[in-house]
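In what follows, a structure is listed as structure tokens, so that the remarks can point back to it.
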Amino acid sequence: MKKLYILLVLMALVYSVSSLYSAAETAPRKPDPSGITTGNASDVPAAKPNEPTLTELANQIGHNKVAINIVWTLITGFLVFFMQAGFAMVETGLTRAKNAAHTMAMNLFVYGLGVFGFWMCGFAFMFGGVGGLGTLGGFDGLNQEFTITLFGHAFGLIGTKGFFLHGVYDVGVFTLFLFQVVFMDTAATIPTGAMSERWKFISFTIYGVVVGAIIYPLFGNWVWGGGWLSQLGTNFHLGHGHVDFAGSSVVHMTGGVIALVGAWILGPRIGKYNRDKSPNAIPGHNIPMAVVGAIILAFGWFGFNPGSTLAGGDLRISVVAVNTLIASIMGAIAATLWMWIFRSKKPDPTMMVNGLLAGLVAITAPCAFVNVQCAGLIGLISGILAVEGAFFVERKLRVDDPVGAVAVHGINGAWGCLALGLFADGTYGDGWNGVAGTVKGLFYGDGSQFTAELIGVVTNFIVIGAVSYIIFKLIGAGVGNRVSAKTEMDGLDIPEMGVEGYAGIKLDKASETPLSR
Amino acid sequence: MKKIEAIIRTSKFEEVKEALHGIDIDFFSYWDATGVGNEKKKSEVTYRGTHLDTAFIPRRTLEIVVRDQNVRKTVDCVLAASFTGEIGDGRIFVTPVEEAWKIRNKQSGDDSLKGADEK
């Protein structure tokens, strides 16, 4: 009992002393359910609380402006990362079940490998000399670009600062890095679709690092890093230089060209072609997966295109988003109708997927520069290009592309840039690439813009084609590119990955391979 | 005792099963089968514009072991119930059975094939 009394007295003492202290502070303010009084002058850092000076106000405004841009760029970057799931699902859905673990693993692992390559040196190569980060806070430390002089002009070739993000520990740079690395990842994952079902995982692994470290940043520097393609305007009066808003050429055409070269070097899957060169169908095993993947990609693209303003305060993002949307649906409609009326006489869901994606790819370059009616037209043409392009690649080039990556990304990536050169309407882009005035295409008064786009597209095809050819040949000489015939017939899951994609499900692996006649 | 192997269309299976129950044939096994036949029609299935060689009709094989006195009525029943008149209706084969055993009570021969309500 005595102990209890002492305990009670102590508690009373502590409580009364503490209430003395809390009574000395101000009472808590009223809760704000409507949000009207939350956020006011007291939230602006000021020497005299609640009375900021003009300078203090200006600082806060500037900070908020940059904050909106950084938040926007990061969030849209997260959306673009999510596109990885879309690619994984489209590619696995359109290929066979016996290779599902391998195809999925490529799409997952290319994220890790490519990002590592980009962090190691790709970002430095691509953006080491990009200059001041205007919308993201103005840091100007990315100022080392290796340049040569040709025809009396500076030709920026490659950046040389920021390896492993060393020496550029700035919030703006880190924002840019995240946004750009997920774009690299998009380009890196495109060839895994065209080359799936017969690509050695070790060969792919080496490719994964190299694409993020070297192949993608090379052309990327020339267009987005301040390199020579972006300076075709200031150097040679060709429009605003090669303009590519969100990456029809930098991301998609690069991916498509690598896919073409890689699929061509690998050769077609066993059973794909007959002796008379006619193709056999090798159906994908999961159409629902492919369709959901396409929808995920379309969603992620709302980060891909509007995010490329790198500025949430640049309200053109609304036009960019709607252009993206309209082009995508026109692509899906055009591709489906084209198949339905002219080709297989059925509204093929896989071509629906390809058409949707083709519209998105084609609008990626011009989305900020065209009006919505032109966006619809660009999407319509891209849908037809996706279908006819797939047939061209399969039947004329005789390159086996299980998912249509070359048609969707390569051909429409090129079309997107050329479309910019035709349809840019002059309502945006003042000062782009250092050239005064808004961006205009051929039909709006500036034919030289089309020339600049054409030069960029041709350069991409030649350079990316050559570089990826050399890389694949080197990898092939080292570890080999293609799996053995037995592995291909058994399915790559067990021999290459050691894990079945669908354990417990009986697969008729032999019948999944058509007979080459 | 005879084994009646009937390869019929899967779409006709429920009808055949009901018909067999109607003549007191309640015991048989069945499984899905893939086969080729005289189908000359080019398949309508295309994948991305290329025709797929999948000209098959889903088929189910029934394996019915019956006593000699029930062979005729079983065969007639299956013939009638599985008929459509189109190419691909299927086939019936009858082969002799040497021994038949019921595992639960070790009965053999004709006795093991008696129906549940027969004595």
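Chain lettering (A, B, ...) mirrors the order of the structure tokens, residue numbering begins at 1 for each chain separately, and ligand numbering begins at 1 in order of display.
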
I'd like the neighbourhood of Lys2 of chain B as a count of residues only, where a residue qualifies if any of its atoms comes within 8 Å (using only C-alpha atoms), though same-chain residues fewer than 2 positions away should be ignored.
10

Should the cut-off be 8 Å, what would the residue list for chain B against chain A look like, counting only C-alpha atoms, as a PyMOL selection string?
chain B and resi 46-52

Filtering to C-alpha atoms, could you give me those residues as an mmCIF file, in the first residue's frame?
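Generated output (result.cif):
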```cif
data_model
loop_
_atom_site.group_PDB
_atom_site.id
_atom_site.type_symbol
_atom_site.label_atom_id
_atom_site.label_comp_id
_atom_site.auth_asym_id
_atom_site.auth_seq_id
_atom_site.Cartn_x
_atom_site.Cartn_y
_atom_site.Cartn_z
ATOM 1 C CA THR B 46 -5.223 -16.705 -89.124
ATOM 2 C CA TYR B 47 -2.589 -15.128 -86.932
ATOM 3 C CA ARG B 48 -1.399 -11.703 -88.035
ATOM 4 C CA GLY B 49 -2.418 -12.422 -91.609
ATOM 5 C CA THR B 50 -0.895 -15.903 -91.937
ATOM 6 C CA HIS B 51 -3.104 -19.004 -92.018
ATOM 7 C CA LEU B 52 -2.726 -21.459 -89.192
#
```

Where in chain B does DSSP assign alpha helix (DSSP H), given as number ranges by chain?
B: 13-22, 71-81

Writing out the chosen residues with N, CA and C atoms as an mmCIF file, in the first residue's frame:
```cif
data_model
loop_
_atom_site.group_PDB
_atom_site.id
_atom_site.type_symbol
_atom_site.label_atom_id
_atom_site.label_comp_id
_atom_site.auth_asym_id
_atom_site.auth_seq_id
_atom_site.Cartn_x
_atom_site.Cartn_y
_atom_site.Cartn_z
ATOM 1 N N PHE B 13 -21.131 -34.908 -77.056
ATOM 2 C CA PHE B 13 -20.869 -35.827 -75.953
ATOM 3 C C PHE B 13 -22.035 -35.903 -74.975
ATOM 4 N N GLU B 14 -22.567 -34.750 -74.576
ATOM 5 C CA GLU B 14 -23.625 -34.757 -73.558
ATOM 6 C C GLU B 14 -24.829 -35.560 -74.046
ATOM 7 N N GLU B 15 -25.179 -35.382 -75.327
ATOM 8 C CA GLU B 15 -26.308 -36.131 -75.895
ATOM 9 C C GLU B 15 -26.063 -37.635 -75.825
ATOM 10 N N VAL B 16 -24.832 -38.032 -76.218
ATOM 11 C CA VAL B 16 -24.500 -39.460 -76.234
ATOM 12 C C VAL B 16 -24.549 -40.014 -74.809
ATOM 13 N N LYS B 17 -24.029 -39.235 -73.870
ATOM 14 C CA LYS B 17 -24.006 -39.702 -72.471
ATOM 15 C C LYS B 17 -25.426 -39.933 -71.958
ATOM 16 N N GLU B 18 -26.332 -38.953 -72.233
ATOM 17 C CA GLU B 18 -27.717 -39.106 -71.825
ATOM 18 C C GLU B 18 -28.338 -40.331 -72.465
ATOM 19 N N ALA B 19 -28.093 -40.501 -73.775
ATOM 20 C CA ALA B 19 -28.676 -41.632 -74.494
ATOM 21 C C ALA B 19 -28.196 -42.953 -73.907
ATOM 22 N N LEU B 20 -26.902 -43.039 -73.578
ATOM 23 C CA LEU B 20 -26.364 -44.274 -72.996
ATOM 24 C C LEU B 20 -27.001 -44.553 -71.630
ATOM 25 N N HIS B 21 -27.151 -43.496 -70.805
ATOM 26 C CA HIS B 21 -27.837 -43.696 -69.522
ATOM 27 C C HIS B 21 -29.246 -44.222 -69.760
ATOM 28 N N GLY B 22 -29.866 -43.765 -70.862
ATOM 29 C CA GLY B 22 -31.228 -44.206 -71.167
ATOM 30 C C GLY B 22 -31.325 -45.693 -71.428
ATOM 31 N N VAL B 71 -24.072 -55.346 -76.871
ATOM 32 C CA VAL B 71 -23.217 -54.675 -77.864
ATOM 33 C C VAL B 71 -24.063 -53.972 -78.921
ATOM 34 N N ARG B 72 -25.024 -54.677 -79.484
ATOM 35 C CA ARG B 72 -25.813 -54.093 -80.587
ATOM 36 C C ARG B 72 -26.496 -52.831 -80.153
ATOM 37 N N LYS B 73 -27.194 -52.890 -78.979
ATOM 38 C CA LYS B 73 -27.995 -51.719 -78.611
ATOM 39 C C LYS B 73 -27.088 -50.544 -78.239
ATOM 40 N N THR B 74 -25.889 -50.826 -77.700
ATOM 41 C CA THR B 74 -24.965 -49.731 -77.366
ATOM 42 C C THR B 74 -24.460 -49.062 -78.638
ATOM 43 N N VAL B 75 -24.041 -49.873 -79.587
ATOM 44 C CA VAL B 75 -23.518 -49.301 -80.836
ATOM 45 C C VAL B 75 -24.593 -48.496 -81.540
ATOM 46 N N ASP B 76 -25.811 -49.041 -81.614
ATOM 47 C CA ASP B 76 -26.898 -48.317 -82.280
ATOM 48 C C ASP B 76 -27.174 -46.994 -81.569
ATOM 49 N N CYS B 77 -27.136 -47.042 -80.248
ATOM 50 C CA CYS B 77 -27.417 -45.842 -79.463
ATOM 51 C C CYS B 77 -26.396 -44.756 -79.762
ATOM 52 N N VAL B 78 -25.114 -45.119 -79.746
ATOM 53 C CA VAL B 78 -24.068 -44.117 -80.003
ATOM 54 C C VAL B 78 -24.169 -43.605 -81.425
ATOM 55 N N LEU B 79 -24.397 -44.517 -82.360
ATOM 56 C CA LEU B 79 -24.530 -44.087 -83.762
ATOM 57 C C LEU B 79 -25.618 -43.039 -83.906
ATOM 58 N N ALA B 80 -26.752 -43.280 -83.272
ATOM 59 C CA ALA B 80 -27.881 -42.364 -83.418
ATOM 60 C C ALA B 80 -27.600 -41.035 -82.719
ATOM 61 N N ALA B 81 -27.076 -41.106 -81.498
ATOM 62 C CA ALA B 81 -26.954 -39.878 -80.701
ATOM 63 C C ALA B 81 -25.849 -38.967 -81.186
#
```

If you run DSSP on this backbone, which residues of chain B come out as strand (DSSP E or B), and could you give them as number ranges by chain?
B: 2-9, 29-33, 46-47, 50-51, 59-66, 90-96, 101-102, 107-108

Contacts of Arg59 of chain B at 12 Å (only C-alpha atoms; same-chain gap of 5+ positions) as a PDB file with C-alpha atoms, in the first residue's frame:
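Full text of part_21.pdb as output:
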```pdb
ATOM      1  CA  ALA B   6     -16.343 -44.497 -79.974  1.00  0.00           C
ATOM      2  CA  ILE B   7     -14.596 -41.363 -81.229  1.00  0.00           C
ATOM      3  CA  ILE B   8     -17.262 -38.671 -81.409  1.00  0.00           C
ATOM      4  CA  ARG B   9     -17.512 -34.874 -81.610  1.00  0.00           C
ATOM      5  CA  THR B  10     -17.041 -33.203 -78.244  1.00  0.00           C
ATOM      6  CA  SER B  11     -20.135 -31.125 -78.961  1.00  0.00           C
ATOM      7  CA  LYS B  12     -22.221 -34.323 -79.135  1.00  0.00           C
ATOM      8  CA  PHE B  13     -20.869 -35.827 -75.953  1.00  0.00           C
ATOM      9  CA  TYR B  30     -13.804 -40.879 -71.821  1.00  0.00           C
ATOM     10  CA  TRP B  31     -10.995 -38.502 -72.743  1.00  0.00           C
ATOM     11  CA  ASP B  32     -10.309 -35.675 -75.161  1.00  0.00           C
ATOM     12  CA  ALA B  33      -8.558 -36.750 -78.317  1.00  0.00           C
ATOM     13  CA  THR B  34      -6.794 -34.964 -81.173  1.00  0.00           C
ATOM     14  CA  GLY B  35      -6.933 -36.513 -84.554  1.00  0.00           C
ATOM     15  CA  VAL B  36      -6.767 -35.947 -88.281  1.00  0.00           C
ATOM     16  CA  GLY B  37      -9.359 -36.963 -90.797  1.00  0.00           C
ATOM     17  CA  SER B  82     -23.658 -38.671 -82.215  1.00  0.00           C
ATOM     18  CA  GLY B  88     -16.031 -35.397 -88.884  1.00  0.00           C
ATOM     19  CA  ASP B  89     -18.806 -37.268 -87.032  1.00  0.00           C
ATOM     20  CA  GLY B  90     -16.294 -39.880 -85.917  1.00  0.00           C
ATOM     21  CA  ARG B  91     -15.952 -43.674 -85.789  1.00  0.00           C
TER      22      ARG B  91
END
```

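Of note, atom CA of Thr175 of chain A and atom CA of Ile70 of chain A are spaced 6.5 Å apart.
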
Atom CA of Phe302 of chain A to atom CA of Phe450 of chain A: how many Å, to one decimal?
26.1 Å
